[in-house]
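start32.cif (mmCIF, C-alpha atoms and all ligand atoms) appears below.
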```
data_start
loop_
_atom_site.label_atom_id
_atom_site.label_comp_id
_atom_site.auth_asym_id
_atom_site.auth_seq_id
_atom_site.Cartn_x
_atom_site.Cartn_y
_atom_site.Cartn_z
CA MET A 1 -7.37 -12.68 -11.60
CA SER A 2 -10.40 -13.03 -9.36
CA SER A 3 -10.56 -16.10 -7.16
CA GLU A 4 -13.57 -17.36 -9.12
CA THR A 5 -11.60 -17.43 -12.33
CA ALA A 6 -8.80 -19.23 -10.50
CA ASN A 7 -11.27 -21.89 -9.31
CA GLN A 8 -12.62 -22.50 -12.74
CA LYS A 9 -9.11 -22.95 -14.05
CA VAL A 10 -8.60 -26.10 -12.06
CA ASP A 11 -9.91 -29.20 -13.64
CA GLN A 12 -11.85 -31.67 -11.49
CA LYS A 13 -9.24 -34.25 -12.57
CA VAL A 14 -6.58 -32.30 -10.67
CA ILE A 15 -8.61 -32.34 -7.47
CA ASP A 16 -9.32 -36.05 -7.88
CA GLU A 17 -5.66 -36.83 -8.41
CA LEU A 18 -4.58 -34.79 -5.39
CA GLU A 19 -7.25 -36.46 -3.27
CA ARG A 20 -6.14 -39.89 -4.47
CA VAL A 21 -2.55 -39.17 -3.41
CA LEU A 22 -3.54 -37.60 -0.09
CA VAL A 23 -5.93 -40.41 0.83
CA ASN A 24 -3.31 -42.97 -0.20
CA ALA A 25 -5.84 -44.96 -2.19
CA ASP A 26 -3.20 -47.39 -3.50
CA LYS A 27 -1.69 -47.79 0.01
CA LYS A 28 1.74 -47.33 -1.55
CA THR A 29 2.10 -43.56 -1.49
CA HIS A 30 4.95 -42.23 0.62
CA LEU A 31 4.05 -39.82 3.40
CA SER A 32 6.21 -37.06 1.89
CA LEU A 33 4.27 -37.19 -1.35
CA ARG A 34 0.96 -37.12 0.52
CA TYR A 35 2.21 -34.03 2.33
CA ARG A 36 2.98 -32.41 -0.98
CA ALA A 37 -0.50 -33.21 -2.29
CA LEU A 38 -1.88 -31.59 0.86
CA PHE A 39 0.08 -28.42 0.17
CA SER A 40 -1.31 -28.28 -3.35
CA LEU A 41 -4.83 -28.65 -1.98
CA ASN A 42 -4.00 -25.93 0.55
CA ALA A 43 -3.22 -23.51 -2.27
CA LEU A 44 -6.56 -24.29 -3.88
CA GLY A 45 -8.51 -24.10 -0.61
CA LYS A 46 -7.07 -20.66 0.07
CA LYS A 47 -8.44 -19.53 -3.25
CA GLY A 48 -11.90 -20.55 -2.10
CA ASP A 49 -12.18 -23.87 -3.89
CA SER A 50 -14.52 -25.87 -1.66
CA ARG A 51 -13.70 -29.05 -3.59
CA ALA A 52 -10.17 -28.84 -2.16
CA ILE A 53 -11.59 -28.53 1.37
CA ASP A 54 -13.80 -31.59 0.80
CA ALA A 55 -10.82 -33.50 -0.57
CA VAL A 56 -8.79 -32.73 2.57
CA TYR A 57 -11.66 -33.70 4.84
CA SER A 58 -12.02 -37.04 3.05
CA ALA A 59 -8.62 -38.14 4.41
CA PHE A 60 -9.46 -37.88 8.14
CA GLY A 61 -10.08 -41.62 8.26
CA ASP A 62 -6.29 -42.09 8.07
CA ASP A 63 -4.23 -43.19 11.05
CA SER A 64 -1.29 -40.78 10.73
CA GLU A 65 -1.62 -38.24 13.52
CA LEU A 66 0.98 -36.06 11.81
CA LEU A 67 -0.72 -35.91 8.45
CA LYS A 68 -4.16 -35.32 9.93
CA HIS A 69 -2.94 -32.53 12.22
CA GLU A 70 -1.45 -30.85 9.17
CA MET A 71 -4.73 -31.31 7.32
CA ALA A 72 -6.59 -29.55 10.13
CA TYR A 73 -3.98 -26.79 10.05
CA VAL A 74 -4.44 -26.35 6.30
CA LEU A 75 -8.22 -26.07 6.69
CA GLY A 76 -7.67 -23.38 9.32
CA GLN A 77 -5.42 -21.39 7.05
CA SER A 78 -7.91 -21.53 4.15
CA GLY A 79 -9.83 -18.52 5.44
CA GLN A 80 -13.03 -20.18 4.24
CA LYS A 81 -16.21 -20.37 6.28
CA TYR A 82 -16.87 -23.60 4.42
CA ALA A 83 -14.12 -25.22 6.54
CA VAL A 84 -15.89 -24.58 9.88
CA GLU A 85 -18.17 -27.59 9.55
CA PRO A 86 -15.54 -30.24 8.76
CA LEU A 87 -13.26 -28.87 11.50
CA THR A 88 -16.11 -28.98 14.01
CA LYS A 89 -16.65 -32.63 13.13
CA VAL A 90 -12.96 -33.38 13.69
CA LEU A 91 -12.94 -31.65 17.08
CA ASN A 92 -16.10 -33.56 18.03
CA ASP A 93 -14.55 -36.88 17.04
CA LEU A 94 -13.09 -38.21 20.28
CA ASN A 95 -11.41 -41.04 18.38
CA GLN A 96 -9.04 -38.60 16.70
CA GLN A 97 -5.63 -38.27 18.36
CA VAL A 98 -4.89 -35.30 20.61
CA MET A 99 -2.76 -33.38 18.11
CA VAL A 100 -5.46 -33.69 15.49
CA ARG A 101 -8.23 -32.39 17.73
CA HIS A 102 -5.91 -29.69 19.05
CA GLU A 103 -5.18 -28.52 15.53
CA ALA A 104 -8.88 -28.60 14.60
CA ALA A 105 -9.69 -26.33 17.56
CA GLU A 106 -6.81 -24.03 16.71
CA ALA A 107 -7.95 -23.95 13.07
CA LEU A 108 -11.43 -22.88 14.14
CA GLY A 109 -9.76 -20.02 16.00
CA ALA A 110 -7.68 -19.14 12.95
CA LEU A 111 -10.77 -18.99 10.76
CA GLY A 112 -12.25 -16.62 13.32
CA PHE A 113 -15.97 -17.18 12.72
CA PRO A 114 -18.18 -16.78 15.82
CA GLU A 115 -20.19 -19.81 14.66
CA ALA A 116 -17.40 -21.97 16.09
CA LEU A 117 -17.74 -20.57 19.63
CA PRO A 118 -20.27 -23.13 20.98
CA VAL A 119 -18.13 -26.18 20.15
CA LEU A 120 -15.00 -24.47 21.46
CA GLN A 121 -16.77 -23.52 24.67
CA LYS A 122 -17.99 -27.09 25.08
CA TYR A 123 -14.48 -28.59 24.98
CA TYR A 124 -12.98 -25.72 26.93
CA LYS A 125 -15.35 -26.63 29.76
CA GLU A 126 -15.45 -30.40 29.57
CA ASP A 127 -12.48 -31.88 27.75
CA PRO A 128 -10.26 -33.89 30.11
CA LEU A 129 -7.19 -33.29 27.92
CA VAL A 130 -5.28 -30.17 28.96
CA PRO A 131 -3.90 -29.31 25.48
CA ILE A 132 -7.44 -29.40 24.06
CA LYS A 133 -8.83 -27.22 26.85
CA GLU A 134 -6.00 -24.73 26.43
CA THR A 135 -6.35 -24.64 22.64
CA CYS A 136 -10.09 -23.99 22.95
CA ASP A 137 -9.35 -21.18 25.40
CA LEU A 138 -6.98 -19.58 22.90
CA ALA A 139 -9.33 -20.07 19.95
CA ILE A 140 -12.26 -18.50 21.84
CA ASN A 141 -10.07 -15.53 22.71
CA ARG A 142 -8.84 -15.15 19.17
CA ILE A 143 -12.37 -15.18 17.74
CA CYS A 144 -13.47 -12.58 20.30
CA TRP A 145 -10.42 -10.45 19.55
CA LYS A 146 -10.91 -10.74 15.80
CA ASN A 147 -14.56 -9.72 15.97
CA GLY A 148 -14.15 -7.19 18.78
CA LEU A 149 -13.70 -3.47 18.79
CA GLU A 150 -10.50 -3.05 20.86
CA ARG A 151 -8.58 -4.43 17.95
CA LYS A 152 -9.23 -1.24 16.00
CA ASN A 153 -7.17 0.72 18.54
CA GLU A 154 -4.21 -1.65 18.37
CA VAL A 155 -1.23 -0.79 16.23
CA ILE A 156 0.45 -4.00 15.09
CA SER A 157 3.12 -3.59 12.44
CA THR A 158 3.17 -5.96 9.53
CA SER A 159 5.77 -8.69 9.66
CA GLU A 160 7.25 -11.32 7.39
CA TYR A 161 5.06 -13.89 9.15
CA ASP A 162 1.76 -12.35 8.13
CA ASP A 163 1.01 -14.99 5.51
CA VAL A 164 0.32 -17.43 8.36
CA ILE A 165 -2.59 -16.93 10.76
CA ASP A 166 -1.21 -17.31 14.30
CA PRO A 167 -3.25 -18.74 17.19
CA ALA A 168 -3.02 -15.28 18.78
CA PRO A 169 -2.06 -11.89 17.37
CA PRO A 170 1.22 -10.34 18.49
CA LEU A 171 0.95 -7.73 21.23
CA PRO A 172 0.62 -4.22 19.81
CA ASP A 173 3.83 -2.32 19.05
CA ALA A 174 5.53 -0.70 22.03
CA THR A 175 5.21 3.05 22.28
CA ALA A 176 8.79 3.56 23.50
CA ALA A 177 11.65 2.90 21.10
CA ASP A 178 13.90 1.00 23.54
CA VAL A 179 13.72 -2.54 22.12
CA SER A 180 15.98 -4.02 24.74
CA ALA A 181 13.78 -2.76 27.58
CA GLU A 182 10.71 -4.09 25.81
CA VAL A 183 12.27 -7.55 25.34
CA LYS A 184 13.16 -7.61 29.04
CA LYS A 185 9.58 -6.89 30.01
CA LEU A 186 8.24 -9.43 27.51
CA ARG A 187 10.69 -12.04 28.76
CA SER A 188 9.28 -11.87 32.27
CA GLU A 189 5.69 -11.85 31.01
CA LEU A 190 6.28 -14.85 28.76
CA ILE A 191 6.97 -17.12 31.72
CA ASP A 192 4.51 -15.53 34.14
CA GLN A 193 1.91 -18.24 34.63
CA LYS A 194 -0.39 -15.86 36.45
CA LEU A 195 -1.05 -14.09 33.16
CA PRO A 196 -3.75 -15.41 30.82
CA LEU A 197 -2.51 -17.90 28.23
CA PHE A 198 -3.82 -15.79 25.35
CA TYR A 199 -1.83 -12.80 26.58
CA ARG A 200 1.33 -14.90 26.91
CA TYR A 201 0.84 -16.14 23.35
CA ARG A 202 0.61 -12.53 22.25
CA VAL A 203 3.88 -11.89 24.06
CA MET A 204 5.43 -14.86 22.24
CA PHE A 205 4.45 -13.58 18.82
CA ARG A 206 5.59 -10.08 19.65
CA LEU A 207 9.00 -11.48 20.62
CA ARG A 208 9.09 -13.43 17.36
CA ASN A 209 8.37 -10.28 15.38
CA ILE A 210 11.08 -8.38 17.22
CA GLY A 211 13.36 -11.29 16.28
CA THR A 212 16.63 -10.01 17.79
CA GLU A 213 19.11 -12.41 19.41
CA GLU A 214 17.86 -11.23 22.78
CA ALA A 215 14.29 -12.03 21.75
CA VAL A 216 15.33 -15.55 20.68
CA GLU A 217 16.98 -16.05 24.06
CA ALA A 218 13.85 -14.84 25.83
CA LEU A 219 11.74 -17.31 23.85
CA THR A 220 13.99 -20.17 24.93
CA ASP A 221 12.76 -19.60 28.50
CA GLY A 222 9.35 -20.70 27.24
CA PHE A 223 10.59 -24.31 27.22
CA GLN A 224 10.54 -24.22 31.04
CA ASP A 225 6.76 -23.92 31.02
CA PRO A 226 4.69 -26.85 32.32
CA SER A 227 2.24 -26.61 29.40
CA ALA A 228 3.01 -28.89 26.46
CA LEU A 229 0.87 -26.65 24.28
CA PHE A 230 2.89 -23.58 25.20
CA LYS A 231 6.19 -25.36 24.58
CA HIS A 232 5.10 -26.70 21.19
CA GLU A 233 4.24 -23.17 20.12
CA VAL A 234 7.66 -21.93 21.20
CA ALA A 235 9.18 -24.64 19.00
CA PHE A 236 6.91 -23.60 16.13
CA VAL A 237 8.04 -19.99 16.45
CA PHE A 238 11.68 -21.11 16.35
CA GLY A 239 10.92 -22.88 13.08
CA GLN A 240 9.66 -19.59 11.71
CA LEU A 241 12.59 -17.59 13.03
CA THR A 242 15.12 -20.09 11.63
CA SER A 243 17.68 -18.76 14.07
CA PRO A 244 20.63 -21.16 14.55
CA LYS A 245 20.74 -19.83 18.12
CA ALA A 246 17.65 -21.90 18.86
CA ILE A 247 19.19 -25.20 17.70
CA PRO A 248 20.62 -26.40 21.06
CA SER A 249 17.32 -25.96 22.89
CA LEU A 250 15.37 -27.61 20.05
CA VAL A 251 17.71 -30.60 19.98
CA LYS A 252 17.36 -30.94 23.73
CA VAL A 253 13.58 -31.01 23.42
CA LEU A 254 13.64 -33.55 20.58
CA GLU A 255 16.01 -35.82 22.50
CA ASP A 256 13.97 -35.73 25.69
CA LYS A 257 11.75 -38.81 25.58
CA SER A 258 9.81 -37.65 28.62
CA GLU A 259 8.65 -34.61 26.68
CA ALA A 260 5.13 -34.70 25.15
CA PRO A 261 5.10 -36.01 21.54
CA MET A 262 3.47 -32.77 20.40
CA VAL A 263 6.46 -30.78 21.67
CA ARG A 264 9.08 -33.16 20.26
CA HIS A 265 7.24 -33.17 16.93
CA GLU A 266 7.31 -29.39 16.68
CA ALA A 267 10.99 -29.29 17.65
CA ALA A 268 11.73 -31.70 14.78
CA GLU A 269 9.82 -29.55 12.32
CA ALA A 270 11.60 -26.43 13.56
CA LEU A 271 14.99 -28.09 13.06
CA GLY A 272 13.83 -28.93 9.55
CA GLY A 273 13.00 -25.26 9.04
CA ILE A 274 16.39 -24.11 10.29
CA ALA A 275 18.04 -26.84 8.21
CA THR A 276 21.71 -26.16 8.90
CA ALA A 277 24.19 -29.04 8.55
CA GLU A 278 24.00 -29.84 12.28
CA CYS A 279 20.22 -30.34 12.14
CA ILE A 280 20.29 -33.16 9.58
CA PRO A 281 21.98 -35.96 11.57
CA VAL A 282 19.67 -35.30 14.53
CA LEU A 283 16.61 -35.57 12.29
CA GLU A 284 17.99 -38.73 10.69
CA LYS A 285 18.46 -40.27 14.12
CA TYR A 286 14.94 -39.49 15.34
CA ALA A 287 13.35 -40.50 12.02
CA LYS A 288 13.53 -43.93 13.68
CA ASP A 289 11.99 -42.83 16.98
CA ASP A 290 9.51 -45.24 18.49
CA VAL A 291 6.92 -42.46 18.86
CA ARG A 292 5.34 -42.50 15.42
CA VAL A 293 4.42 -38.82 15.25
CA VAL A 294 8.01 -37.86 16.12
CA ALA A 295 9.52 -40.23 13.56
CA GLU A 296 7.18 -39.03 10.83
CA SER A 297 7.91 -35.37 11.66
CA CYS A 298 11.61 -36.04 11.11
CA ILE A 299 10.92 -37.82 7.81
CA VAL A 300 8.82 -34.93 6.52
CA ALA A 301 11.36 -32.37 7.79
CA LEU A 302 14.12 -34.16 5.91
CA ASP A 303 12.00 -34.14 2.76
CA MET A 304 11.46 -30.40 3.11
CA ILE A 305 15.20 -29.88 3.45
CA LYS A 306 15.70 -31.94 0.30
CA TYR A 307 13.21 -29.71 -1.47
CA GLU A 308 14.93 -26.54 -0.23
CA GLN A 309 18.26 -27.78 -1.53
CA SER A 310 16.89 -28.96 -4.87
CA GLY A 311 15.77 -25.56 -6.04
CA GLU A 312 12.37 -26.98 -7.03
CA MET A 313 9.78 -24.31 -7.69
CA GLU A 314 7.21 -25.21 -5.09
CA TYR A 315 6.81 -27.65 -2.23
CA ALA A 316 3.81 -29.34 -3.80
CA TYR A 317 2.67 -32.39 -5.66
CA VAL A 318 2.05 -31.61 -9.29
CA PRO A 319 -0.36 -34.05 -10.93
CA LYS A 320 0.64 -35.43 -14.29
CA ALA A 321 -2.85 -35.18 -15.75
CA GLY A 322 -5.45 -32.47 -15.69
CA GLY A 323 -3.35 -29.33 -15.94
CA LYS A 324 -1.40 -27.12 -13.62
CA VAL A 325 -2.15 -26.47 -9.95
CA PRO A 326 -1.83 -22.75 -9.26
CA LEU A 327 0.98 -21.93 -6.88
CA GLU A 328 0.11 -20.39 -3.58
CA ASN A 329 1.56 -16.99 -4.39
CA GLU A 330 0.03 -16.90 -7.85
CA GLU A 331 -2.89 -14.54 -8.41
FE FE A 401 -0.22 -27.05 17.03
FE FE A 402 2.49 -29.30 14.47
#
```
Just give me the structure as structure tokens.
Amino acid sequence: MSSETANQKVDQKVIDELERVLVNADKKTHLSLRYRALFSLNALGKKGDSRAIDAVYSAFGDDSELLKHEMAYVLGQSGQKYAVEPLTKVLNDLNQQVMVRHEAAEALGALGFPEALPVLQKYYKEDPLVPIKETCDLAINRICWKNGLERKNEVISTSEYDDVIDPAPPLPDATAADVSAEVKKLRSELIDQKLPLFYRYRVMFRLRNIGTEEAVEALTDGFQDPSALFKHEVAFVFGQLTSPKAIPSLVKVLEDKSEAPMVRHEAAEALGGIATAECIPVLEKYAKDDVRVVAESCIVALDMIKYEQSGEMEYAYVPKAGGKVPLENEE
């Protein structure tokens, strides 16, 4: 089915209902349900339905840093040029919390349209917040890479993570077959602060794609970095890898109250992704953390675990009226 036919299939009533839940119009909707509505809108946005993108944008007046950062992420994964404008507005809005603006900048990088370069360059040069500066740096580099020629000469194997657009592509495949030697080299590059951040991100994603126990260990070193942004991405990658080997370092990060909220938040989400029995009590404990974004991350992570265990078809909110929302993997 073409994406146009898919768009037409969705009744306006469905969009309205999802927007109502996401925006929390009745002020009684639980965060987990709002998250699910967002994931339904994500599926529609990816199919090119601009009404879904507008619906997501309409919720940026909310005060939940967690929900809004996820909204920005969703817009970045939509692949739609239509999302550049709302994301630019979010990045320009200095009243938005740091994680929200960070995610808006990253999303502009994920979309990869050169039209976003001026705003990214502006905040790369003048933003006083380090995570914003660093994110803009990465996004600029990703857009240049995506639209550049060198990319054509790079051989990057497909991986199971290809349905998500990363803030940087993995490094190209190694020419030699010795994986252990490659991981060793990558391990030292990962923590080498003299190397450009974009390159070190590429190292990180290459290590993720290699995915051996040795690669997981190498990634753990990334938590020694001084950059909160870098550490939060390491935690994100662990959530994708779902390796139980990463649990001790993730718990340590979540427990460390001196760690930046963005890093603790991502550690909580990663533990939710790994979801073994030992992750649950930790998440339950920090669901009461006094840092709101950390507490909410644990609540949402626990809901996702509940969904995983329930055997439900899709992590999404399905409106009662107006017909079926197409699932993300449905063509
Ligand atoms: Fe992020
Ligand atoms: Fe996040």
(message) Taking all atoms listed in the file into account, name the residue in A:Ser78, A:Asn92, A:Asn209, A:Ser258 that is nearest to A:Glu160.
(response)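 The answer is A:Asn209, which sits nearest to A:Glu160.
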(request) Return as a list in words the residues of protein, DNA or RNA that approach ligand FE 402 (chain A) to within 10 Å, with only C-alpha atoms and all ligand atoms taken into account. (result)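 Counting only C-alpha atoms and all ligand atoms, the residues within 10 Å of ligand FE 402 (chain A) come out as Glu65, Leu66, Leu67, His69, Glu70, Tyr73, Met99, Val100, His102, Glu103, His232, Glu233, Ala235, Phe236, Met262, Val263, Arg264, His265, Glu266, Ala267, Ala268, Glu269, Ala270, Val293 and Ser297 of chain A.
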(message) Taking 5 positions as the minimum chain separation for residues in the same chain, which residues sit within 7 Å of stretch 196-202 of chain A when counting only C-alpha atoms? Answer as a PyMOL selection string.
(response) chain A and resi 138+141+168-171+189-190
(request) For atom CA of A:Pro172 and atom CA of A:Arg187, quote the distance in Å rounded to one decimal. (result)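 Separating atom CA of A:Pro172 from atom CA of A:Arg187 is a distance of 15.6 Å.
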(message) Just checking: using all atoms listed in the file, which residue out of A:Ala55, A:Ala301, A:Ile132, A:Ala25 ends up closest to A:Ser227?
(response)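 That would be A:Ile132, the residue with the smallest distance to A:Ser227.
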(message) Using only C-alpha atoms and all ligand atoms, can you tell me which of A:Val10, A:Val216, A:Ala228, A:Ala37 comes closest to ligand FE 401 (chain A)?
(response)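 Of A:Val10, A:Val216, A:Ala228, A:Ala37, the one nearest ligand FE 401 (chain A), counting only C-alpha atoms and all ligand atoms, is A:Ala228.
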(request) Using all atoms listed in the file, find the one residue out of A:Thr135, A:Ser157, A:Asn95, A:Gln193 that sits nearest to ligand FE 401 (chain A). (result) A:Thr135
(request) Can you work out which one of A:Ala246, A:Ser64, A:Thr220, A:Tyr123 has the shortest atom-to-atom distance to A:Thr88, counting only C-alpha atoms? (result) A:Tyr123
(request) Enter the distance from atom CA of A:Leu195 to atom CA of A:Pro226, in Å, rounded to one decimal. (result) 14.0 Å
(request) Dig up all the protein and nucleic acid residues within 10 Å of (-17.5, -25.2, 7.0) in the file frame, using all atoms listed in the file, and format them as number ranges by chain. (result) A: 50, 53-54, 75, 80-89, 108, 111, 113, 115-116
(message) I'd like to know which of A:Arg36, A:Arg101, A:Lys306, A:Lys252 is closest to ligand FE 401 (chain A), using all atoms listed in the file.
(response)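 For ligand FE 401 (chain A), the nearest of the given residues is A:Arg101.
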(request) Take atom CA of A:Gly112 and atom CA of A:Asp137 and report the distance between them in Å, one decimal. (result) 13.2 Å
(message) I want to know what sits within 9 Å of A:Ile305, based on all atoms listed in the file, with residues of the same chain fewer than 5 positions away left out; could you give that as a PyMOL selection string?
(response) chain A and resi 272-273+275+280+300+310
Prev. selection, C-alpha atoms, output as a compact mmCIF listing (two decimals), keeping the file's coordinate frame:
```txt
# COMPACT_ATOMS: atom_id res chain seq x y z
CA GLY A 272 13.83 -28.93 9.55
CA GLY A 273 13.00 -25.26 9.04
CA ALA A 275 18.04 -26.84 8.21
CA ILE A 280 20.29 -33.16 9.58
CA VAL A 300 8.82 -34.93 6.52
CA SER A 310 16.89 -28.96 -4.87
```
